[in-house]
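Contents: one structure, followed by commentary.
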Amino acid sequence: MAKGTEVVNQISGIGLFADLSHSQLEGVAHTFEEESFPEGHRILRQGFGGSSFHIILDGEVSVQVGGQERRRFARGDFFGEISILLGEAPSADIVVAVGPLRSLTLGGPKLQEFLTAHPVVMYRMLQAEARRVHDTTQWQS
Amino acid sequence: MSPKPYPPGNYPVIVVGSGPGALQTSYCLSRLGVEHAVISVEPGPGGMFRRFPNFDRLISWTKPFAPAKPGTRDYIRYDMNSLIGDTAAHNALVRPYMDDVSYFPSRSAMQKGLRDFAQKGKVKVRYGCDWEGTRKTKEGFKVTTSDGVYGAKLLVFAVGVTKPWIPSYIPGIKLATHYADLLPASKYSGKRVFIVGKRNSAFEVANGLLTRASQLILASPSPLKVSLDVAHPESARVVYLQPYEDAVLGGGHLVLDATITKIARGRNGFRVTTSGTTRPGDLIFDVDEVIATTGFEAPLRDLAKLGVSLFGQKSLPAQTNFWESSTVPGIYFAGSITQGSAGLNKYGRQSNSGVVHGFRHNARVLARHIATTHYGYKPRRRLIAPEDVTSFLLSEASRSPEIWNQKSYLARVLAFEDNGEVVDQWFQPLANFVDSAGPPAVAITIETDPTGTIRPALYVRRLGNVEEHILDPNILSDFETDDHQAKVSSLLKGLVD
């Protein structure tokens with residue numbers, strides 16, 4: 001759990017949680033753990049199992065495949081969900097580009113329970129995924 | 001009476017604290033030849049154990065009788081409380097004070113074990129010396145204390161996570177008594193008691209008041225996490241769960257998933273208003289006492305002003321894999337603060353760095369890291385015969401206390417050199433191993449998978465790339481089987497042939 005009012009306010013500013021009530025936001029603050037990673041730290045590792053779901057509170061990460069940066073994520077963005085949903089090890093490295101990075105994290109095995117208990121968060125996540133697919137498709141065409 | 005050790009002045013390293021993290025760090029630094037001073041505001045050794053847990057019994061076991069002999073390395077795994085020395089006489093020091101009541105030692109047994117460790121291991125501390133302020137200098141740091149000013153190149157803060165934390169977003173929370181200020185149990189006799197929180201400290205208090213309180217109500221927003229279900233000792237421990245069983249069986253006590261929306265003074269005590277989370281609905285409780293078991297934060301004084309980045313409810317410092325501030329080089333951490341260095345955090349399971357049985361190993365690794373990187377210490381070169389590599393790794397996976405106490409966090413590392421020699425590189429944070437470039441090497445640890453099954457995990461580095469291999473479990477946790485040997489040998493093909 002992150003720090004008091006500060007974290008509830010921070011979470012309320014994150015798109016994924018835009019539809020949650022104050023008490024649900026407090027629940028989120030109790031369910032997720034806040035973690036901090038130094039610049040250059042690999043948070044997700046290509047080919048390694050057991051990774052977590054992360055929502056960025058501060059800082060930026062670089063999505064890298066074979067050492068090449070493919071994109072960046074910043075405050076409010078999330079990562080780690082694909083490997084959890086597919087039950088496969090990540091296909092990219094996620095490295096802290098601007099740190100220290102603060103993120104709210106949830107262990108992979110708890111993601112399904114959290115999303116099914118908060119369908120409005122799941123819907124927001126689907127929207128964000130759709131946007132990512134859309135952006136990628138536009139970029140490729 | 002001998003004069004107080006470590007008068008103000010310049011030292012290579014200053015360790016702040018006198019709990020188990022500080023004592024273990026100082027013990028190891030001394031044996032690695034790193035000069036240092038240890039200062040602490042406390043009057044004696046023990047840290048948080050001088051005051052807590054409130055209801056006396058710890059929640060980490062020290063087994064008076066175990067499958068290994070007390071004093072040996074193998075026994076350490078079964079004794080989660082004693083610090084670790086380099087001779088049998090410095091190990092298993094909590095055990096002599098165990099009683100027949102429980103294999104969870106009393107606070108006094110723990111304190112005596114720590115005192116003996118300091119005495120036998122000649123760990124000196126300047127007690128009653130309060131760290132008041134810190135500043136950076138060209139050479140390192142200046143530390144202002146109640147006894148004068150100290151200078152040092154490196155600082156190690158082992159001051160625990162000891163400052164009571166109150167969730168200011170709960171209106172009226174200041175009316176509650178914090179866990180740290182709990183009244184004597186007798187004061188709660190016949191009272192209706194509301195406890196804010198559902199973690200270990202909440203259940204410790206509830207369990208301790210079972211014979212006193214007329215009704216106990218525990219509430220926090222998220223559902224109860226029990227150590228049995230999540231296979232992690234920081235979730236609510238079975239030893240405290242009697243109030244939960246009472247609630248489940250309709251005994252009268254209550255365990256609720258609810259946000260506390262308001263605490264106010266009532267006619268004969270307090271009125272607590274809650275809003276359900278997993279089940280909607282508001283509930284109002286008129287109670288005699290409200291106790292906040294909302295945790296603690298790290299008392300890091302002015303370090304944030306110095307540039308040390310802090311995060312989370314516990315105000316933990318952001319740290320590297322070797323527990324150095326990620327924003328102010330030269331400031332290290334030991335003890336329970338090292339939980340801020342997450343490691344691989346596999347499946348969302350945290351390390352055991354928040355508790356003695358985990359962080360005592362971190363302190364040993366930290367001391368060696370400081371000695372080698374800053375003071376030219378060269379570890380004795382220990383070679384493993386190539387034909388013994390597989391059995392060595394599997395023996396470590398089966399019984400190493402470092403690995404068993406810090407699963408998926410610390411790993412035993414062997415490096416393969418060009419001349420065919422295999423060098424034992426002792427223990428490293430696993431996150432450091434998997435993210436460091438270096439010569440071909442292998443690291444072994446164990447991990448708990450999502451089903452709660454414990455498995456060996458092998459990390460093999462070739463051509464600068466690290467691969468993860470999770471091995472089969474064994475119902476007896478014996479990983480020295482023919483199948484394991486064959487599997488590890490095949491994974492190391494080309495490295496030890």
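In the structure tokens, the first chain shown is A, the next is B, and so on; residue numbers restart at 1 for each chain, and ligands run from 1 in the order shown.
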
Exercise for review: Please return, as a VMD selection string, all residues of chain B lying within 8 Å of chain A when only C-alpha atoms are considered.
Suggested key: chain B and resid 167 to 169 221 to 222 259 275 277 309 311 to 314 318 to 320 326 to 327 340 to 342 344 to 349 435 449 to 450 467 to 468

**Study point:** Residues near Gly85 (chain B), cut-off 10 Å, only C-alpha atoms, skip fewer than 5 positions along chain, as number ranges by chain
**Key:** B: 24, 27-28, 31, 71, 73, 90-93, 117, 120-121, 364

Could you save those same residues with C-alpha atoms as a short mmCIF file (atom, residue, chain, number, x, y, z; two decimals), in the first residue's frame?
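Everything below was put into result-v8.cif:
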data_model
loop_
_atom_site.label_atom_id
_atom_site.label_comp_id
_atom_site.auth_asym_id
_atom_site.auth_seq_id
_atom_site.Cartn_x
_atom_site.Cartn_y
_atom_site.Cartn_z
CA GLN B 24 24.84 -8.39 11.66
CA TYR B 27 29.86 -8.21 12.80
CA CYS B 28 30.55 -8.95 9.12
CA ARG B 31 35.58 -9.75 9.98
CA GLY B 71 25.48 -24.20 15.55
CA ARG B 73 25.10 -23.86 8.83
CA HIS B 90 28.30 -17.30 17.55
CA ASN B 91 25.32 -19.14 16.04
CA ALA B 92 21.93 -20.34 17.32
CA LEU B 93 22.08 -17.88 20.20
CA PHE B 117 25.62 -12.19 19.67
CA LYS B 120 30.42 -12.99 21.84
CA GLY B 121 31.00 -11.42 18.44
CA ARG B 364 26.21 -10.47 5.17
#

Check your understanding: Running DSSP on the backbone, which parts of region 21-133 of chain A land in alpha helix (DSSP H), as a PyMOL selection string?
Key -> chain A and resi 22-31+81-86+108-117+119-133

Exercise for review: Mind checking which residues fall within 12 Å of Leu83 (chain B), counting only C-alpha atoms, ignoring those fewer than 2 positions away in the same chain, and posting them as an MDAnalysis selection string?
Suggested key: chainID B and resid 19:28 46 62 71 73 75:77 79:81 85:95 110:118 120:121 335 355:364

What lies within 10 Å of region 436-443 of chain B using only C-alpha atoms, ignoring chain neighbours under 3 positions off, as a PDB file with N, CA and C atoms, in the first residue's frame?
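Result file follows (out26.pdb):
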ATOM      1  N   VAL B 389      30.268 -29.752  -9.762  1.00  0.00           N
ATOM      2  CA  VAL B 389      29.436 -28.545  -9.899  1.00  0.00           C
ATOM      3  C   VAL B 389      27.950 -28.861  -9.728  1.00  0.00           C
ATOM      4  N   LEU B 393      25.555 -27.457  -6.651  1.00  0.00           N
ATOM      5  CA  LEU B 393      24.392 -26.588  -6.864  1.00  0.00           C
ATOM      6  C   LEU B 393      23.134 -27.203  -6.251  1.00  0.00           C
ATOM      7  N   LEU B 410      18.099 -14.221  -3.131  1.00  0.00           N
ATOM      8  CA  LEU B 410      19.534 -14.454  -3.103  1.00  0.00           C
ATOM      9  C   LEU B 410      19.828 -15.766  -3.839  1.00  0.00           C
ATOM     10  N   ALA B 411      21.003 -15.836  -4.437  1.00  0.00           N
ATOM     11  CA  ALA B 411      21.364 -17.033  -5.195  1.00  0.00           C
ATOM     12  C   ALA B 411      22.833 -17.354  -4.985  1.00  0.00           C
ATOM     13  N   ARG B 412      23.164 -18.645  -5.021  1.00  0.00           N
ATOM     14  CA  ARG B 412      24.573 -19.064  -4.973  1.00  0.00           C
ATOM     15  C   ARG B 412      25.104 -19.044  -6.398  1.00  0.00           C
ATOM     16  N   VAL B 413      26.267 -18.464  -6.573  1.00  0.00           N
ATOM     17  CA  VAL B 413      26.779 -18.232  -7.922  1.00  0.00           C
ATOM     18  C   VAL B 413      28.124 -18.931  -8.122  1.00  0.00           C
ATOM     19  N   LEU B 414      28.265 -19.622  -9.237  1.00  0.00           N
ATOM     20  CA  LEU B 414      29.546 -20.191  -9.645  1.00  0.00           C
ATOM     21  C   LEU B 414      29.926 -19.585 -10.994  1.00  0.00           C
ATOM     22  N   ALA B 415      31.179 -19.190 -11.142  1.00  0.00           N
ATOM     23  CA  ALA B 415      31.641 -18.607 -12.418  1.00  0.00           C
ATOM     24  C   ALA B 415      32.564 -19.601 -13.118  1.00  0.00           C
ATOM     25  N   PHE B 416      32.422 -19.694 -14.427  1.00  0.00           N
ATOM     26  CA  PHE B 416      33.250 -20.603 -15.232  1.00  0.00           C
ATOM     27  C   PHE B 416      34.323 -19.798 -15.935  1.00  0.00           C
ATOM     28  N   GLU B 417      35.577 -20.051 -15.589  1.00  0.00           N
ATOM     29  CA  GLU B 417      36.651 -19.244 -16.163  1.00  0.00           C
ATOM     30  C   GLU B 417      37.214 -19.907 -17.419  1.00  0.00           C
ATOM     31  N   ASP B 418      37.926 -19.099 -18.206  1.00  0.00           N
ATOM     32  CA  ASP B 418      38.453 -19.580 -19.490  1.00  0.00           C
ATOM     33  C   ASP B 418      39.355 -20.790 -19.334  1.00  0.00           C
ATOM     34  N   VAL B 422      36.331 -23.517 -11.993  1.00  0.00           N
ATOM     35  CA  VAL B 422      34.997 -23.075 -11.568  1.00  0.00           C
ATOM     36  C   VAL B 422      35.152 -22.404 -10.200  1.00  0.00           C
ATOM     37  N   VAL B 423      34.790 -21.116 -10.132  1.00  0.00           N
ATOM     38  CA  VAL B 423      35.021 -20.334  -8.919  1.00  0.00           C
ATOM     39  C   VAL B 423      33.699 -20.080  -8.200  1.00  0.00           C
ATOM     40  N   ASP B 424      33.704 -20.362  -6.897  1.00  0.00           N
ATOM     41  CA  ASP B 424      32.530 -20.100  -6.062  1.00  0.00           C
ATOM     42  C   ASP B 424      32.463 -18.604  -5.772  1.00  0.00           C
ATOM     43  N   GLN B 425      31.403 -17.974  -6.224  1.00  0.00           N
ATOM     44  CA  GLN B 425      31.262 -16.526  -5.973  1.00  0.00           C
ATOM     45  C   GLN B 425      30.277 -16.239  -4.841  1.00  0.00           C
ATOM     46  N   TRP B 426      30.013 -17.253  -4.019  1.00  0.00           N
ATOM     47  CA  TRP B 426      29.177 -17.106  -2.821  1.00  0.00           C
ATOM     48  C   TRP B 426      27.771 -16.642  -3.195  1.00  0.00           C
ATOM     49  N   PHE B 427      27.191 -15.735  -2.406  1.00  0.00           N
ATOM     50  CA  PHE B 427      25.801 -15.335  -2.650  1.00  0.00           C
ATOM     51  C   PHE B 427      25.719 -13.925  -3.231  1.00  0.00           C
ATOM     52  N   GLN B 428      24.741 -13.745  -4.085  1.00  0.00           N
ATOM     53  CA  GLN B 428      24.491 -12.430  -4.683  1.00  0.00           C
ATOM     54  C   GLN B 428      22.985 -12.220  -4.702  1.00  0.00           C
ATOM     55  N   LEU B 430      19.826 -12.105  -6.584  1.00  0.00           N
ATOM     56  CA  LEU B 430      19.540 -12.731  -7.872  1.00  0.00           C
ATOM     57  C   LEU B 430      19.344 -11.686  -8.971  1.00  0.00           C
ATOM     58  N   ALA B 431      18.683 -10.555  -8.626  1.00  0.00           N
ATOM     59  CA  ALA B 431      18.443  -9.510  -9.637  1.00  0.00           C
ATOM     60  C   ALA B 431      19.768  -8.975 -10.170  1.00  0.00           C
ATOM     61  N   ASN B 432      20.793  -8.926  -9.325  1.00  0.00           N
ATOM     62  CA  ASN B 432      22.092  -8.468  -9.788  1.00  0.00           C
ATOM     63  C   ASN B 432      22.678  -9.468 -10.766  1.00  0.00           C
ATOM     64  N   PHE B 433      22.567 -10.751 -10.425  1.00  0.00           N
ATOM     65  CA  PHE B 433      23.142 -11.771 -11.299  1.00  0.00           C
ATOM     66  C   PHE B 433      22.486 -11.744 -12.677  1.00  0.00           C
ATOM     67  N   ALA B 457      15.449 -23.137  -9.014  1.00  0.00           N
ATOM     68  CA  ALA B 457      15.493 -22.311 -10.223  1.00  0.00           C
ATOM     69  C   ALA B 457      16.952 -22.054 -10.563  1.00  0.00           C
ATOM     70  N   LEU B 458      17.298 -22.376 -11.807  1.00  0.00           N
ATOM     71  CA  LEU B 458      18.685 -22.259 -12.249  1.00  0.00           C
ATOM     72  C   LEU B 458      18.775 -21.145 -13.294  1.00  0.00           C
ATOM     73  N   TYR B 459      19.757 -20.283 -13.140  1.00  0.00           N
ATOM     74  CA  TYR B 459      19.954 -19.188 -14.093  1.00  0.00           C
ATOM     75  C   TYR B 459      21.346 -19.364 -14.695  1.00  0.00           C
ATOM     76  N   VAL B 460      21.387 -19.536 -15.999  1.00  0.00           N
ATOM     77  CA  VAL B 460      22.655 -19.837 -16.673  1.00  0.00           C
ATOM     78  C   VAL B 460      23.034 -18.677 -17.576  1.00  0.00           C
ATOM     79  N   ARG B 461      24.243 -18.154 -17.371  1.00  0.00           N
ATOM     80  CA  ARG B 461      24.714 -17.043 -18.211  1.00  0.00           C
ATOM     81  C   ARG B 461      25.759 -17.561 -19.202  1.00  0.00           C
ATOM     82  N   ARG B 462      25.441 -17.386 -20.485  1.00  0.00           N
ATOM     83  CA  ARG B 462      26.378 -17.718 -21.570  1.00  0.00           C
ATOM     84  C   ARG B 462      26.394 -16.556 -22.537  1.00  0.00           C
ATOM     85  N   LEU B 463      27.549 -16.192 -22.999  1.00  0.00           N
ATOM     86  CA  LEU B 463      27.696 -15.112 -23.984  1.00  0.00           C
ATOM     87  C   LEU B 463      26.927 -13.857 -23.562  1.00  0.00           C
ATOM     88  N   GLY B 464      26.927 -13.608 -22.255  1.00  0.00           N
ATOM     89  CA  GLY B 464      26.314 -12.390 -21.729  1.00  0.00           C
ATOM     90  C   GLY B 464      24.799 -12.454 -21.603  1.00  0.00           C
ATOM     91  N   ASN B 465      24.218 -13.594 -21.988  1.00  0.00           N
ATOM     92  CA  ASN B 465      22.763 -13.713 -21.944  1.00  0.00           C
ATOM     93  C   ASN B 465      22.356 -14.708 -20.846  1.00  0.00           C
ATOM     94  N   VAL B 466      21.377 -14.331 -20.006  1.00  0.00           N
ATOM     95  CA  VAL B 466      20.980 -15.212 -18.901  1.00  0.00           C
ATOM     96  C   VAL B 466      19.648 -15.898 -19.226  1.00  0.00           C
ATOM     97  N   GLU B 467      19.646 -17.223 -19.081  1.00  0.00           N
ATOM     98  CA  GLU B 467      18.407 -17.987 -19.286  1.00  0.00           C
ATOM     99  C   GLU B 467      17.908 -18.532 -17.961  1.00  0.00           C
ATOM    100  N   GLU B 468      16.590 -18.580 -17.834  1.00  0.00           N
ATOM    101  CA  GLU B 468      15.960 -19.086 -16.608  1.00  0.00           C
ATOM    102  C   GLU B 468      15.463 -20.514 -16.841  1.00  0.00           C
ATOM    103  N   LEU B 491      21.768 -28.842 -18.628  1.00  0.00           N
ATOM    104  CA  LEU B 491      21.673 -27.380 -18.773  1.00  0.00           C
ATOM    105  C   LEU B 491      23.049 -26.713 -18.751  1.00  0.00           C
ATOM    106  N   LEU B 492      24.019 -27.403 -18.125  1.00  0.00           N
ATOM    107  CA  LEU B 492      25.364 -26.807 -18.025  1.00  0.00           C
ATOM    108  C   LEU B 492      26.307 -27.337 -19.110  1.00  0.00           C
ATOM    109  N   LEU B 495      29.665 -25.830 -20.498  1.00  0.00           N
ATOM    110  CA  LEU B 495      30.298 -24.959 -19.500  1.00  0.00           C
ATOM    111  C   LEU B 495      31.246 -25.731 -18.597  1.00  0.00           C
TER     112      LEU B 495
END

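Of the residues listed (A:Leu126, A:Glu60, A:Val95, A:Val120), A:Glu60 shows the shortest atom-to-atom separation from Gly76 (chain A); distances use only C-alpha atoms.
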
Review point. Tell me, which residues of region 3-46 of chain A carry DSSP strand (DSSP E), written as an MDAnalysis selection string?
Key: chainID A and resid 33:37 42:44

Revision key, fill the gap. Min atom-atom distance to Tyr123 (chain A) from the set A:His54, A:Gly59, A:Asp19, A:Ala97, counting only C-alpha atoms, belongs to A:Asp19

Practice item. Could you please determine the separation between CA of Ala185 (chain B) and CA of Arg212 (chain B) in Å, to one decimal place? Key: 7.1 Å

**Study point:** 9 Å contact set for Ala66 (chain B), only C-alpha atoms, chain neighbours under 2 positions out, as a ChimeraX atom specification
**Key:** /B:63-64,68-70,75,78-79

Resulting file, chosen residues, all heavy atoms, as a PDB file, in the first residue's frame:
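File out-v2.pdb, as written:
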ATOM      1  N   LYS B  63      13.541 -23.365  16.089  1.00  0.00           N
ATOM      2  CA  LYS B  63      13.185 -24.733  16.461  1.00  0.00           C
ATOM      3  C   LYS B  63      14.232 -25.294  17.430  1.00  0.00           C
ATOM      4  O   LYS B  63      15.391 -25.457  17.054  1.00  0.00           O
ATOM      5  CB  LYS B  63      13.088 -25.606  15.219  1.00  0.00           C
ATOM      6  CG  LYS B  63      11.998 -25.140  14.266  1.00  0.00           C
ATOM      7  CD  LYS B  63      11.806 -26.081  13.095  1.00  0.00           C
ATOM      8  CE  LYS B  63      10.685 -25.547  12.217  1.00  0.00           C
ATOM      9  NZ  LYS B  63      10.429 -26.408  11.058  1.00  0.00           N
ATOM     10  N   PRO B  64      13.810 -25.581  18.676  1.00  0.00           N
ATOM     11  CA  PRO B  64      14.778 -26.127  19.624  1.00  0.00           C
ATOM     12  C   PRO B  64      15.389 -27.435  19.111  1.00  0.00           C
ATOM     13  O   PRO B  64      16.563 -27.705  19.321  1.00  0.00           O
ATOM     14  CB  PRO B  64      13.942 -26.361  20.886  1.00  0.00           C
ATOM     15  CG  PRO B  64      12.785 -25.423  20.751  1.00  0.00           C
ATOM     16  CD  PRO B  64      12.494 -25.365  19.281  1.00  0.00           C
ATOM     17  N   ALA B  68      18.789 -30.506  11.743  1.00  0.00           N
ATOM     18  CA  ALA B  68      20.223 -30.187  11.728  1.00  0.00           C
ATOM     19  C   ALA B  68      20.671 -29.785  13.132  1.00  0.00           C
ATOM     20  O   ALA B  68      19.870 -29.345  13.958  1.00  0.00           O
ATOM     21  CB  ALA B  68      20.487 -29.048  10.754  1.00  0.00           C
ATOM     22  N   LYS B  69      21.976 -29.932  13.383  1.00  0.00           N
ATOM     23  CA  LYS B  69      22.517 -29.664  14.721  1.00  0.00           C
ATOM     24  C   LYS B  69      22.676 -28.159  14.951  1.00  0.00           C
ATOM     25  O   LYS B  69      23.243 -27.456  14.105  1.00  0.00           O
ATOM     26  CB  LYS B  69      23.893 -30.356  14.804  1.00  0.00           C
ATOM     27  CG  LYS B  69      24.468 -30.428  16.184  1.00  0.00           C
ATOM     28  CD  LYS B  69      25.782 -31.196  16.145  1.00  0.00           C
ATOM     29  CE  LYS B  69      26.551 -30.849  17.412  1.00  0.00           C
ATOM     30  NZ  LYS B  69      27.970 -30.958  17.257  1.00  0.00           N
ATOM     31  N   PRO B  70      22.204 -27.657  16.098  1.00  0.00           N
ATOM     32  CA  PRO B  70      22.384 -26.225  16.389  1.00  0.00           C
ATOM     33  C   PRO B  70      23.856 -25.823  16.303  1.00  0.00           C
ATOM     34  O   PRO B  70      24.738 -26.559  16.752  1.00  0.00           O
ATOM     35  CB  PRO B  70      21.861 -26.089  17.822  1.00  0.00           C
ATOM     36  CG  PRO B  70      20.878 -27.205  17.953  1.00  0.00           C
ATOM     37  CD  PRO B  70      21.435 -28.346  17.127  1.00  0.00           C
ATOM     38  N   TYR B  75      21.528 -25.657  10.327  1.00  0.00           N
ATOM     39  CA  TYR B  75      20.517 -25.344  11.357  1.00  0.00           C
ATOM     40  C   TYR B  75      19.920 -23.952  11.161  1.00  0.00           C
ATOM     41  O   TYR B  75      18.777 -23.705  11.553  1.00  0.00           O
ATOM     42  CB  TYR B  75      21.151 -25.458  12.757  1.00  0.00           C
ATOM     43  CG  TYR B  75      20.187 -25.089  13.873  1.00  0.00           C
ATOM     44  CD1 TYR B  75      19.165 -25.961  14.252  1.00  0.00           C
ATOM     45  CD2 TYR B  75      20.286 -23.863  14.532  1.00  0.00           C
ATOM     46  CE1 TYR B  75      18.269 -25.615  15.263  1.00  0.00           C
ATOM     47  CE2 TYR B  75      19.409 -23.510  15.543  1.00  0.00           C
ATOM     48  CZ  TYR B  75      18.404 -24.389  15.912  1.00  0.00           C
ATOM     49  OH  TYR B  75      17.508 -24.042  16.903  1.00  0.00           O
ATOM     50  N   TYR B  78      16.417 -23.395  10.151  1.00  0.00           N
ATOM     51  CA  TYR B  78      15.344 -23.747  11.088  1.00  0.00           C
ATOM     52  C   TYR B  78      15.251 -22.775  12.263  1.00  0.00           C
ATOM     53  O   TYR B  78      14.401 -22.913  13.120  1.00  0.00           O
ATOM     54  CB  TYR B  78      15.569 -25.177  11.615  1.00  0.00           C
ATOM     55  CG  TYR B  78      15.644 -26.198  10.508  1.00  0.00           C
ATOM     56  CD1 TYR B  78      16.876 -26.688  10.065  1.00  0.00           C
ATOM     57  CD2 TYR B  78      14.494 -26.664   9.892  1.00  0.00           C
ATOM     58  CE1 TYR B  78      16.945 -27.610   9.036  1.00  0.00           C
ATOM     59  CE2 TYR B  78      14.557 -27.582   8.861  1.00  0.00           C
ATOM     60  CZ  TYR B  78      15.785 -28.055   8.437  1.00  0.00           C
ATOM     61  OH  TYR B  78      15.836 -28.960   7.418  1.00  0.00           O
ATOM     62  N   ASP B  79      16.180 -21.842  12.291  1.00  0.00           N
ATOM     63  CA  ASP B  79      16.228 -20.855  13.379  1.00  0.00           C
ATOM     64  C   ASP B  79      16.178 -19.479  12.718  1.00  0.00           C
ATOM     65  O   ASP B  79      17.190 -18.955  12.270  1.00  0.00           O
ATOM     66  CB  ASP B  79      17.533 -21.035  14.163  1.00  0.00           C
ATOM     67  CG  ASP B  79      17.757 -19.922  15.184  1.00  0.00           C
ATOM     68  OD1 ASP B  79      16.839 -19.105  15.402  1.00  0.00           O
ATOM     69  OD2 ASP B  79      18.872 -19.871  15.740  1.00  0.00           O
TER      70      ASP B  79
END

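Across B:Thr162, B:Ser315, B:Ser353, B:Gln485, the tightest approach to Ser395 (chain B) is made by B:Gln485 when counting only C-alpha atoms.
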
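Of note, CA of Lys122 (chain B) and CA of Trp323 (chain B) are spaced 24.9 Å apart.
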
Review point. A:Ile14, A:Arg124, A:Ala89, A:Ala130: which is nearest Ala74 (chain A), counting only C-alpha atoms?
Key: A:Ile14

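Atom to atom, CA of Lys136 (chain B) and CA of Pro429 (chain B) stand 27.9 Å apart.
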
**Study point:** Who sits within 12 Å of Leu306 (chain B), only C-alpha atoms, same chain under 2 positions skipped, as a ChimeraX atom specification
**Key:** /B:133-137,141-143,300-304,308-310,317,325,327-331
